[in-house]
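Raw contents of query_18.txt, compact mmCIF, C-alpha atoms:
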```txt
# COMPACT_ATOMS: atom_id res chain seq x y z
CA GLY A 1070 0.00 0.00 0.00
CA TYR A 1071 2.89 2.38 0.64
CA THR A 1072 4.45 1.93 -2.79
CA ALA A 1073 1.02 2.46 -4.40
CA ALA A 1074 0.27 5.55 -2.27
CA ALA A 1075 0.10 7.96 -5.22
CA GLU A 1076 -2.26 5.67 -7.16
CA ILE A 1077 -4.42 5.17 -4.08
CA ALA A 1078 -4.62 8.93 -3.50
CA ARG A 1079 -5.83 9.46 -7.08
CA ASN A 1080 -8.37 6.66 -6.68
CA LYS A 1081 -9.56 8.17 -3.42
CA GLY A 1082 -10.25 11.49 -5.12
CA ARG A 1083 -12.31 9.71 -7.75
CA VAL A 1084 -14.29 7.77 -5.13
CA LEU A 1085 -15.03 10.95 -3.16
CA GLU A 1086 -16.17 12.72 -6.32
CA VAL A 1087 -18.54 9.91 -7.30
CA LEU A 1088 -19.95 9.55 -3.79
CA GLY A 1089 -20.12 13.29 -3.13
CA GLY A 1090 -17.99 13.01 0.01
CA THR A 1091 -15.54 15.26 1.80
CA GLU A 1092 -12.17 14.56 3.40
CA ALA A 1093 -13.79 14.82 6.85
CA GLU A 1094 -16.47 12.32 5.87
CA TRP A 1095 -13.81 9.93 4.50
CA LYS A 1096 -12.30 9.72 7.99
CA ASP A 1097 -15.70 8.92 9.53
CA TRP A 1098 -16.17 5.15 9.69
CA ARG A 1099 -19.95 5.51 9.87
CA TRP A 1100 -19.92 7.42 6.57
CA GLN A 1101 -17.76 4.67 5.07
CA LEU A 1102 -20.36 2.08 6.11
CA ARG A 1103 -23.31 4.16 4.88
CA LYS A 1104 -21.59 4.66 1.53
CA ARG A 1105 -20.68 1.00 1.07
CA ILE A 1106 -20.67 0.41 -2.69
CA ASP A 1107 -23.09 -2.35 -3.72
CA SER A 1108 -24.43 -0.96 -7.00
CA VAL A 1109 -22.95 -1.92 -10.37
CA ASP A 1110 -23.82 1.54 -11.76
CA VAL A 1111 -21.95 3.32 -8.96
CA LEU A 1112 -19.01 0.93 -9.17
CA ALA A 1113 -18.73 1.47 -12.92
CA ARG A 1114 -18.23 5.19 -12.31
CA ILE A 1115 -15.31 4.39 -10.00
CA ILE A 1116 -13.45 1.58 -11.75
CA ASP A 1117 -13.33 0.50 -15.37
CA LEU A 1118 -15.77 -2.35 -16.01
CA SER A 1119 -16.38 -4.11 -19.30
CA ASP A 1120 -19.95 -4.85 -20.35
CA GLN A 1121 -19.32 -8.51 -19.53
CA GLU A 1122 -18.06 -7.63 -16.02
CA LYS A 1123 -21.15 -5.52 -15.40
CA GLN A 1124 -23.37 -8.37 -16.52
CA ASP A 1125 -21.49 -10.84 -14.33
CA LEU A 1126 -21.76 -8.57 -11.29
CA GLU A 1127 -25.50 -8.16 -11.76
CA GLN A 1128 -25.96 -11.89 -12.23
CA VAL A 1129 -23.90 -12.98 -9.22
CA GLY A 1130 -25.50 -10.28 -7.10
CA THR A 1131 -28.86 -12.00 -7.44
CA LYS A 1132 -27.43 -14.98 -5.56
CA PHE A 1133 -24.67 -13.68 -3.31
CA ARG A 1134 -24.47 -10.33 -1.55
CA TRP A 1135 -21.52 -8.04 -2.26
CA GLY A 1136 -20.37 -4.64 -1.06
CA ILE A 1137 -17.07 -2.78 -0.66
CA THR A 1138 -16.16 0.24 1.45
CA PRO A 1139 -15.04 3.45 -0.26
CA HIS A 1140 -11.65 2.91 1.39
CA TYR A 1141 -11.23 -0.52 -0.17
CA ALA A 1142 -12.41 0.77 -3.55
CA SER A 1143 -9.55 3.26 -3.44
CA LEU A 1144 -7.03 0.42 -3.02
CA MET A 1145 -8.23 -1.50 -6.07
CA SER A 1146 -6.70 -1.09 -9.51
CA HIS A 1147 -9.19 0.85 -11.55
CA THR A 1148 -8.01 -0.71 -14.81
CA ASP A 1149 -6.79 -4.26 -14.09
CA PRO A 1150 -9.59 -6.85 -13.71
CA LYS A 1151 -7.03 -9.30 -12.25
CA CYS A 1152 -6.16 -6.94 -9.39
CA PRO A 1153 -5.88 -9.15 -6.26
CA LEU A 1154 -8.00 -6.74 -4.26
CA ARG A 1155 -10.72 -6.73 -6.88
CA ARG A 1156 -10.71 -10.54 -6.72
CA GLN A 1157 -11.26 -10.35 -2.96
CA GLY A 1158 -14.06 -7.81 -2.99
CA LEU A 1159 -15.95 -8.09 -6.28
CA PRO A 1160 -18.07 -11.09 -7.34
CA MET A 1161 -16.96 -13.28 -10.23
CA VAL A 1162 -19.26 -15.36 -12.38
CA ASP A 1163 -17.35 -18.46 -11.18
CA GLU A 1164 -19.30 -18.20 -7.92
CA LEU A 1165 -22.41 -19.37 -9.75
CA ALA A 1166 -20.83 -22.79 -10.28
CA MET A 1167 -22.22 -23.37 -6.78
CA THR A 1168 -19.67 -26.03 -5.89
CA GLY A 1169 -18.91 -26.59 -2.23
CA VAL A 1170 -21.16 -26.72 0.81
CA PRO A 1171 -22.83 -23.94 2.81
CA ASP A 1172 -21.26 -24.83 6.18
CA PHE A 1173 -17.84 -26.29 5.42
CA SER A 1174 -16.60 -25.76 8.99
CA GLY A 1175 -19.48 -27.68 10.49
CA GLU A 1176 -20.48 -24.83 12.79
CA GLU A 1177 -24.16 -25.68 12.66
CA TYR A 1178 -23.71 -29.04 14.39
CA THR A 1179 -21.01 -27.90 16.81
CA SER A 1180 -23.19 -25.17 18.34
CA PRO A 1181 -24.61 -26.21 21.72
CA VAL A 1182 -26.55 -22.92 21.74
CA THR A 1183 -27.57 -20.79 18.77
CA ALA A 1184 -24.80 -18.16 18.52
CA LEU A 1185 -21.92 -20.18 19.99
CA THR A 1186 -19.56 -22.68 18.34
CA ARG A 1187 -17.47 -25.11 20.36
CA TRP A 1188 -14.72 -27.24 18.81
CA TYR A 1189 -12.38 -27.49 21.81
CA PRO A 1190 -12.65 -28.20 25.53
CA ASP A 1191 -11.44 -24.80 26.74
CA ARG A 1192 -12.48 -22.22 24.13
CA VAL A 1193 -15.53 -21.12 22.16
CA ILE A 1194 -16.62 -18.70 19.45
CA ILE A 1195 -19.52 -16.27 19.81
CA ARG A 1196 -21.00 -15.14 16.48
CA SER A 1197 -22.10 -11.61 17.32
CA THR A 1198 -23.48 -10.33 13.99
CA ASN A 1199 -23.81 -11.06 10.29
CA GLN A 1200 -22.64 -7.54 9.35
CA CYS A 1201 -19.22 -6.82 7.86
CA ALA A 1202 -17.72 -3.64 6.48
CA MET A 1203 -17.06 -5.56 3.24
CA PHE A 1204 -18.39 -8.91 2.07
CA CYS A 1205 -15.29 -10.90 1.11
CA ARG A 1206 -15.73 -13.36 -1.74
CA HIS A 1207 -14.04 -16.14 0.26
CA CYS A 1208 -16.25 -15.72 3.35
CA LEU A 1209 -16.70 -18.99 5.25
CA ARG A 1210 -20.01 -17.75 6.75
CA ARG A 1211 -21.62 -16.42 3.61
CA ARG A 1212 -24.66 -18.55 4.46
CA HIS A 1213 -25.41 -15.98 7.19
CA ILE A 1214 -24.96 -12.90 5.00
CA GLY A 1215 -28.45 -11.82 4.02
CA GLU A 1216 -29.71 -8.64 2.40
CA VAL A 1217 -30.18 -7.07 5.84
CA ASP A 1218 -27.43 -6.55 8.41
CA LYS A 1219 -28.51 -8.21 11.64
CA PRO A 1220 -26.77 -8.31 15.01
CA THR A 1221 -27.22 -11.48 17.01
CA PRO A 1222 -30.31 -10.91 19.16
CA GLU A 1223 -29.46 -10.00 22.76
CA ALA A 1224 -31.36 -13.04 23.99
CA GLN A 1225 -29.09 -15.34 21.95
CA PHE A 1226 -25.96 -13.52 23.15
CA ARG A 1227 -27.10 -13.94 26.75
CA GLU A 1228 -27.79 -17.61 26.06
CA ALA A 1229 -24.15 -17.93 24.93
CA ILE A 1230 -22.96 -16.11 28.05
CA ASP A 1231 -25.04 -18.42 30.26
CA TYR A 1232 -23.54 -21.46 28.51
CA ILE A 1233 -20.02 -20.18 29.21
CA LYS A 1234 -20.92 -19.55 32.85
CA GLU A 1235 -22.19 -23.12 33.18
CA ASN A 1236 -18.99 -24.63 31.73
CA PRO A 1237 -16.06 -23.55 33.93
CA GLU A 1238 -13.49 -25.30 31.74
CA ILE A 1239 -13.99 -22.56 29.10
CA ARG A 1240 -11.14 -20.09 29.57
CA ASP A 1241 -10.86 -18.39 26.14
CA VAL A 1242 -13.68 -16.70 24.18
CA LEU A 1243 -13.48 -15.30 20.65
CA ILE A 1244 -16.14 -12.79 19.58
CA THR A 1245 -16.45 -12.84 15.82
CA GLY A 1246 -19.20 -12.34 13.27
CA GLY A 1247 -19.51 -10.96 10.71
CA ASP A 1248 -17.34 -8.29 12.27
CA PRO A 1249 -17.90 -7.07 15.85
CA PHE A 1250 -16.10 -3.80 15.04
CA THR A 1251 -19.19 -2.76 13.07
CA PHE A 1252 -20.88 -2.31 16.46
CA SER A 1253 -20.78 0.90 18.46
CA ASN A 1254 -18.15 1.24 21.19
CA ASP A 1255 -20.89 0.92 23.82
CA LYS A 1256 -22.08 -2.40 22.37
CA ILE A 1257 -18.56 -3.88 22.25
CA ASP A 1258 -17.90 -2.58 25.78
CA TRP A 1259 -21.07 -4.32 27.01
CA MET A 1260 -20.16 -7.65 25.38
CA LEU A 1261 -16.65 -7.63 26.81
CA SER A 1262 -17.95 -6.61 30.24
CA GLU A 1263 -20.26 -9.61 30.26
CA LEU A 1264 -17.22 -11.85 29.71
CA ASP A 1265 -15.12 -9.93 32.25
CA ALA A 1266 -17.71 -10.84 34.87
CA ILE A 1267 -17.13 -14.60 34.39
CA PRO A 1268 -14.26 -15.62 36.72
CA HIS A 1269 -13.02 -18.59 34.67
CA VAL A 1270 -12.76 -16.63 31.38
CA GLU A 1271 -9.06 -15.80 31.28
CA VAL A 1272 -8.66 -14.51 27.72
CA LYS A 1273 -10.92 -12.58 25.36
CA ARG A 1274 -10.38 -12.18 21.62
CA LEU A 1275 -12.03 -10.13 18.89
CA GLY A 1276 -11.87 -11.01 15.20
CA THR A 1277 -12.00 -8.15 12.70
CA LYS A 1278 -11.09 -7.26 9.12
CA THR A 1279 -11.65 -3.55 9.58
CA VAL A 1280 -7.93 -2.72 9.69
CA ALA A 1281 -7.81 -3.76 6.01
CA VAL A 1282 -11.20 -2.61 4.71
CA LEU A 1283 -12.28 0.10 7.19
CA PRO A 1284 -9.23 1.32 9.17
CA GLN A 1285 -11.12 4.51 10.07
CA ARG A 1286 -13.10 2.39 12.54
CA VAL A 1287 -10.08 1.90 14.77
CA ASP A 1288 -10.09 5.35 16.30
CA GLN A 1289 -8.71 6.41 19.67
CA ALA A 1290 -12.10 6.16 21.39
CA LEU A 1291 -12.41 2.49 20.40
CA CYS A 1292 -8.88 1.70 21.58
CA ASP A 1293 -9.36 3.51 24.90
CA MET A 1294 -12.46 1.41 25.53
CA LEU A 1295 -10.78 -1.86 24.55
CA ALA A 1296 -7.87 -1.11 26.90
CA LYS A 1297 -10.26 -1.52 29.85
CA HIS A 1298 -10.74 -5.21 29.08
CA HIS A 1299 -7.31 -6.82 29.26
CA PRO A 1300 -6.21 -9.52 28.71
CA LEU A 1301 -7.63 -8.88 25.26
CA TYR A 1302 -6.28 -9.96 21.87
CA VAL A 1303 -7.36 -8.88 18.39
CA ASN A 1304 -7.09 -11.12 15.34
CA VAL A 1305 -7.08 -9.29 12.00
CA GLN A 1306 -7.16 -10.49 8.40
CA LEU A 1307 -4.69 -9.05 5.91
CA ASN A 1308 -4.41 -11.05 2.70
CA HIS A 1309 -2.26 -8.91 0.43
CA PRO A 1310 0.55 -6.37 1.01
CA LYS A 1311 -1.38 -3.68 -0.88
CA GLU A 1312 -3.91 -3.67 1.98
CA ILE A 1313 -1.26 -2.28 4.34
CA THR A 1314 -1.55 1.47 3.85
CA ALA A 1315 -0.70 4.41 6.09
CA GLU A 1316 -4.29 4.33 7.40
CA THR A 1317 -4.02 0.62 8.21
CA ALA A 1318 -0.64 1.18 9.89
CA GLN A 1319 -2.18 3.92 12.03
CA ALA A 1320 -5.07 1.65 13.06
CA CYS A 1321 -2.65 -1.13 14.06
CA ASP A 1322 -0.46 1.35 15.93
CA ARG A 1323 -3.41 2.57 17.99
CA LEU A 1324 -4.35 -0.97 18.96
CA ALA A 1325 -0.75 -1.84 19.83
CA ARG A 1326 -0.35 1.30 21.96
CA ALA A 1327 -3.50 0.25 23.83
CA GLY A 1328 -1.59 -2.88 24.84
CA ILE A 1329 -3.50 -5.21 22.52
CA PRO A 1330 -1.45 -7.94 20.80
CA LEU A 1331 -2.35 -8.33 17.13
CA GLY A 1332 -2.29 -11.60 15.22
CA ASN A 1333 -3.10 -12.04 11.55
CA GLN A 1334 -5.13 -14.84 9.97
CA THR A 1335 -4.43 -14.86 6.24
CA VAL A 1336 -6.55 -16.97 3.89
CA LEU A 1337 -4.60 -18.64 1.07
CA LEU A 1338 -6.35 -17.48 -2.10
CA ARG A 1339 -5.71 -18.36 -5.75
CA GLY A 1340 -4.61 -15.38 -7.80
CA ILE A 1341 -4.37 -13.20 -4.70
CA ASN A 1342 -1.59 -14.43 -2.45
CA ASP A 1343 -0.72 -17.97 -3.60
CA ASP A 1344 2.82 -16.84 -4.41
CA VAL A 1345 5.82 -17.07 -2.08
CA HIS A 1346 7.04 -13.57 -2.91
CA VAL A 1347 3.62 -12.02 -2.26
CA MET A 1348 3.18 -14.00 0.96
CA LYS A 1349 6.64 -13.12 2.24
CA ALA A 1350 6.14 -9.44 1.41
CA LEU A 1351 2.79 -9.54 3.22
CA CYS A 1352 4.34 -11.06 6.34
CA HIS A 1353 7.22 -8.57 6.31
CA GLU A 1354 4.85 -5.62 5.95
CA MET A 1355 2.68 -6.95 8.78
CA LEU A 1356 5.63 -7.14 11.16
CA LYS A 1357 6.50 -3.52 10.32
CA VAL A 1358 3.07 -2.46 11.62
CA ARG A 1359 3.33 -4.76 14.68
CA VAL A 1360 1.01 -7.50 13.48
CA ARG A 1361 2.23 -11.05 14.08
CA PRO A 1362 1.68 -13.47 11.16
CA TYR A 1363 -0.34 -16.11 13.01
CA TYR A 1364 -2.14 -18.44 10.61
CA ILE A 1365 -2.39 -19.12 6.90
CA TYR A 1366 -5.79 -20.75 6.51
CA HIS A 1367 -6.32 -23.10 3.61
CA CYS A 1368 -9.33 -21.70 1.79
CA GLN A 1369 -12.38 -23.70 2.75
CA GLY A 1370 -14.76 -25.48 0.40
CA THR A 1371 -17.62 -23.09 1.13
CA ILE A 1372 -20.24 -22.84 -1.57
CA GLY A 1373 -19.35 -20.64 -4.53
CA ILE A 1374 -15.63 -20.08 -3.85
CA GLU A 1375 -13.94 -23.06 -5.50
CA HIS A 1376 -12.23 -20.74 -8.01
CA LEU A 1377 -10.31 -19.13 -5.12
CA ARG A 1378 -8.98 -22.37 -3.65
CA THR A 1379 -5.47 -23.70 -4.17
CA SER A 1380 -4.08 -27.17 -3.56
CA VAL A 1381 -2.71 -28.05 -0.12
CA GLU A 1382 0.61 -28.78 -1.84
CA ARG A 1383 0.77 -25.15 -2.96
CA GLY A 1384 0.36 -23.95 0.60
CA LEU A 1385 3.12 -26.26 1.82
CA GLU A 1386 5.39 -25.13 -1.01
CA ILE A 1387 4.91 -21.49 0.01
CA LEU A 1388 5.61 -22.29 3.65
CA GLU A 1389 8.75 -24.26 2.81
CA SER A 1390 9.99 -21.47 0.52
CA MET A 1391 9.72 -19.02 3.43
CA ARG A 1392 11.37 -21.13 6.13
CA GLY A 1393 15.02 -20.11 6.42
CA PHE A 1394 14.65 -17.29 3.90
CA THR A 1395 13.05 -15.01 6.47
CA SER A 1396 12.88 -14.91 10.26
CA GLY A 1397 10.72 -17.44 12.07
CA LEU A 1398 8.66 -14.52 13.37
CA ALA A 1399 7.50 -13.89 9.79
CA VAL A 1400 6.43 -17.49 9.10
CA PRO A 1401 2.82 -18.26 10.06
CA GLU A 1402 1.36 -21.68 10.75
CA TYR A 1403 -0.51 -23.37 7.89
CA ILE A 1404 -3.95 -24.55 9.00
CA ILE A 1405 -6.78 -26.67 7.62
CA THR A 1406 -10.19 -26.56 9.31
CA PRO A 1407 -12.12 -29.71 8.39
CA SER A 1408 -15.80 -29.89 9.15
CA GLY A 1409 -16.40 -29.55 12.87
CA LEU A 1410 -12.99 -30.96 13.80
CA GLY A 1411 -11.10 -27.80 14.71
CA LYS A 1412 -7.76 -26.71 13.25
CA THR A 1413 -5.21 -29.17 11.83
CA PRO A 1414 -1.70 -27.71 11.32
CA LEU A 1415 0.37 -28.81 8.34
CA GLN A 1416 4.15 -28.55 7.93
CA PRO A 1417 6.60 -29.60 5.25
CA SER A 1418 8.46 -32.75 6.34
CA TYR A 1419 12.07 -32.16 7.35
CA GLN A 1420 12.69 -35.71 8.60
CA VAL A 1421 14.13 -37.86 5.82
CA SER A 1422 14.49 -41.12 7.75
CA ALA A 1423 15.25 -42.53 11.20
CA GLY A 1424 17.25 -45.39 12.68
CA GLU A 1425 18.27 -46.73 16.06
CA GLY A 1426 19.60 -43.71 17.95
CA TYR A 1427 19.58 -41.23 15.08
CA LEU A 1428 17.49 -39.16 12.67
CA MET A 1429 18.32 -38.03 9.16
CA LEU A 1430 17.06 -34.47 8.77
CA ARG A 1431 16.88 -31.93 5.95
CA ASN A 1432 17.48 -28.23 6.63
CA TRP A 1433 16.04 -25.21 4.81
CA GLU A 1434 18.81 -25.31 2.19
CA GLY A 1435 18.15 -28.97 1.38
CA THR A 1436 21.25 -30.24 3.21
CA VAL A 1437 20.66 -33.69 4.72
CA TYR A 1438 22.46 -34.42 7.98
CA ARG A 1439 22.52 -36.98 10.78
CA TYR A 1440 21.27 -36.01 14.23
CA ASP A 1441 21.85 -38.25 17.25
CA ASN A 1442 18.60 -39.16 18.98
CA PRO A 1443 19.00 -40.00 22.69
CA ARG A 1444 17.33 -43.17 23.88
CA PRO A 1445 14.19 -42.58 25.93
CA CYS A 1446 14.42 -42.97 29.69
CA ASP A 1447 12.93 -46.12 31.15
CA ASP A 1448 10.02 -44.18 32.64
CA GLU A 1449 9.04 -42.57 29.31
```
Kindly present the structure from the file in structure tokens form.
Amino acid sequence: GYTAAAEIARNKGRVLEVLGGTEAEWKDWRWQLRKRIDSVDVLARIIDLSDQEKQDLEQVGTKFRWGITPHYASLMSHTDPKCPLRRQGLPMVDELAMTGVPDFSGEEYTSPVTALTRWYPDRVIIRSTNQCAMFCRHCLRRRHIGEVDKPTPEAQFREAIDYIKENPEIRDVLITGGDPFTFSNDKIDWMLSELDAIPHVEVKRLGTKTVAVLPQRVDQALCDMLAKHHPLYVNVQLNHPKEITAETAQACDRLARAGIPLGNQTVLLRGINDDVHVMKALCHEMLKVRVRPYYIYHCQGTIGIEHLRTSVERGLEILESMRGFTSGLAVPEYIITPSGLGKTPLQPSYQVSAGEGYLMLRNWEGTVYRYDNPRPCDDE
């Protein structure tokens, strides 16, 4: 985003002109949400669209909802239909192939109460809303994204809170959505306070993509409120280095200065970041804005997104091409989330063979060497 700053500034001027906005309004996250672009006619005044692209957008829009923030529109190439950010935010006719399943993660049958998912003994997810600032094309919960933005009813949220209270082994709670940062500060404060009041909840987490698509949301008032609820962690989703702009860096800086550790959960996406150089650049840029590369998620087989999926082998190849060529801090963990079974980490194999008292290992350069393996103690 920094190297494209001049292009982004020009795009921003065009977006403001089309939407009739001011610089002050641009900085207002509520204006950004109100002006979310979900009309082909409006979009065509902002970026160059062929007649076929317009037709495809209209056709896909009858089946799957789409919408991008003015901020994200300014990051997109206005001339290149293969722009990785356009592929993330704008529908493609490939979605109508309808391959995949609605609930690939198996959340529907791992939910003991309506708005809560439980895959593990000690941690749960609360789905707080179906609203997002932008509707990503690879969304794993697109089955919940209707034509109307709906927060989870308070009764269902309280039902989730009661479930957590009744299960004292739960120590870690992730509030996700949709995107909880689309709520007001007061609403987020209330949700976190409800969790603060449960003695056995040790850690709270929030999942958001706003730092990439709506960085204006992360203002000082939000961060001051969040700082009251430590220990609190925020997981973000940055999928391409062009998403890391000065505005995104400022949002991450505010969160970090509020004492909130930031972890990133990238989704491996065909034609967007399935390239070792792009992925390494992304991870380097994240570290510069104090975001820890945490996970690379293998893109799930959710309905309508098969064209964005890569092979598992491609993900492993990218991971192996990073190991040793950058610091370990910049190398995330590669994760698959099979239906209802939680996360399964994958790693390239560095063990070539093994024998009595030794291993044959391969390092990052491909050098194979012998490593003595001590015999286990009798009590092991």
Within 10 Å of His1207 of chain A using all atoms listed in the file, minus same-chain residues under 3 positions, as a VMD selection string: chain A and resid 1156 to 1158 1160 1164 1204 1210 to 1211 1336 to 1338 1368 to 1378
Within 12 Å of His1367 of chain A using all atoms listed in the file, minus same-chain residues under 3 positions, as a ChimeraX atom specification: /A:1174,1207,1209,1334-1339,1342-1343,1364,1370-1371,1375,1377-1385,1387-1388,1402-1407,1412-1415
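Atom pair atom CA of Thr1436 of chain A / atom CA of Arg1361 of chain A has a distance of 29.1 Å (rounded to one decimal).
What separates atom CA of Leu1291 of chain A from atom CA of Asp1322 of chain A is a distance of 12.8 Å.
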Polymer residues at most 9 Å from segment 1234-1243 of chain A, all atoms listed in the file, same-chain spacing of 3 or more positions, as a list in words: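 Skipping anything fewer than 3 positions along the chain leaves Tyr1189, Pro1190, Asp1191, Arg1192, Val1193, Ile1194, Ile1195, Arg1196, Ala1229, Ile1230, Asp1231, Leu1264, Ile1267, Pro1268, His1269, Val1270, Glu1271, Val1272, Lys1273, Arg1274, Leu1275 and Gly1276 of chain A.
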Closest of A:Arg1392, A:Lys1256, A:Arg1206, A:Arg1134 to Phe1226 of chain A - atom-to-atom distances counting all atoms listed in the file: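 Going through A:Arg1392, A:Lys1256, A:Arg1206, A:Arg1134 one by one, the smallest distance to Phe1226 of chain A is for A:Lys1256.
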Distance in Å - atom CA of Leu1410 of chain A versus atom CA of Tyr1178 of chain A: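 Computing the Euclidean distance for atom CA of Leu1410 of chain A and atom CA of Tyr1178 of chain A yields 10.9 Å.
The protein and nucleic acid residues lying at most 10 Å from Ser1253 of chain A are A:Arg1099, A:Asp1258, A:Arg1286, A:Leu1291, with only C-alpha atoms considered and sequence neighbours fewer than 5 positions away removed.
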Draw an axis-aligned box over all listed atoms of segment 1255-1274 of chain A, pad each side with 4 Å, and write its centre and edge lengths in Å, one decimal, as AutoDock Vina command-line options.
```
--center_x -15.4 --center_y -8.8 --center_z 29.2 --size_x 21.4 --size_y 27.5 --size_z 23.1
```
Within-8 Å shell of (-3.4, 2.4, 4.0) in input frame, all atoms listed in the file, as JSON, numbers by chain: {"A": [1070, 1071, 1074, 1281, 1284, 1312, 1313, 1314, 1315, 1316, 1317, 1318]}
Which residues of segment 1181-1233 of chain A have any atom within 10 Å of an atom in segment 1137-1153 of chain A when counting all atoms listed in the file, and what is the closest pair of atoms for each, with the distance in Å to one decimal? Order the rows by chain and rising number and write it as JSON lines.
```
{"residue": "A:Cys1201", "atom": "CA", "partner": "A:Ile1137", "partner_atom": "CA", "distance": 9.7}
{"residue": "A:Ala1202", "atom": "CA", "partner": "A:Thr1138", "partner_atom": "CA", "distance": 6.5}
{"residue": "A:Met1203", "atom": "CA", "partner": "A:Ile1137", "partner_atom": "CA", "distance": 4.8}
{"residue": "A:Phe1204", "atom": "CA", "partner": "A:Ile1137", "partner_atom": "CA", "distance": 6.8}
{"residue": "A:Cys1205", "atom": "CA", "partner": "A:Ile1137", "partner_atom": "CA", "distance": 8.5}
```
Among the residues A:Thr1168, A:Thr1395, A:Ser1119, A:Thr1198, the one that comes closest to Glu1223 of chain A [using only C-alpha atoms]: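 Nearest to Glu1223 of chain A: A:Thr1198.
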Distance criterion (all atoms listed in the file): nearest to Asp1288 of chain A out of A:Ser1262, A:Gln1101, A:Asn1254, A:Gln1306: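 Looking at the shortest contact to Asp1288 of chain A, the residue is A:Asn1254.
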All residues 6 Å or closer to Asn1304 of chain A, only C-alpha atoms, same chain fewer than 2 positions away omitted, as a PyMOL selection string: chain A and resi 1276+1331-1333
Please produce an output containing C-alpha atoms for each residue in the selection, written as a compact mmCIF listing (two decimals), keeping the file's coordinate frame.
```txt
# COMPACT_ATOMS: atom_id res chain seq x y z
CA GLY A 1276 -11.87 -11.01 15.20
CA LEU A 1331 -2.35 -8.33 17.13
CA GLY A 1332 -2.29 -11.60 15.22
CA ASN A 1333 -3.10 -12.04 11.55
```
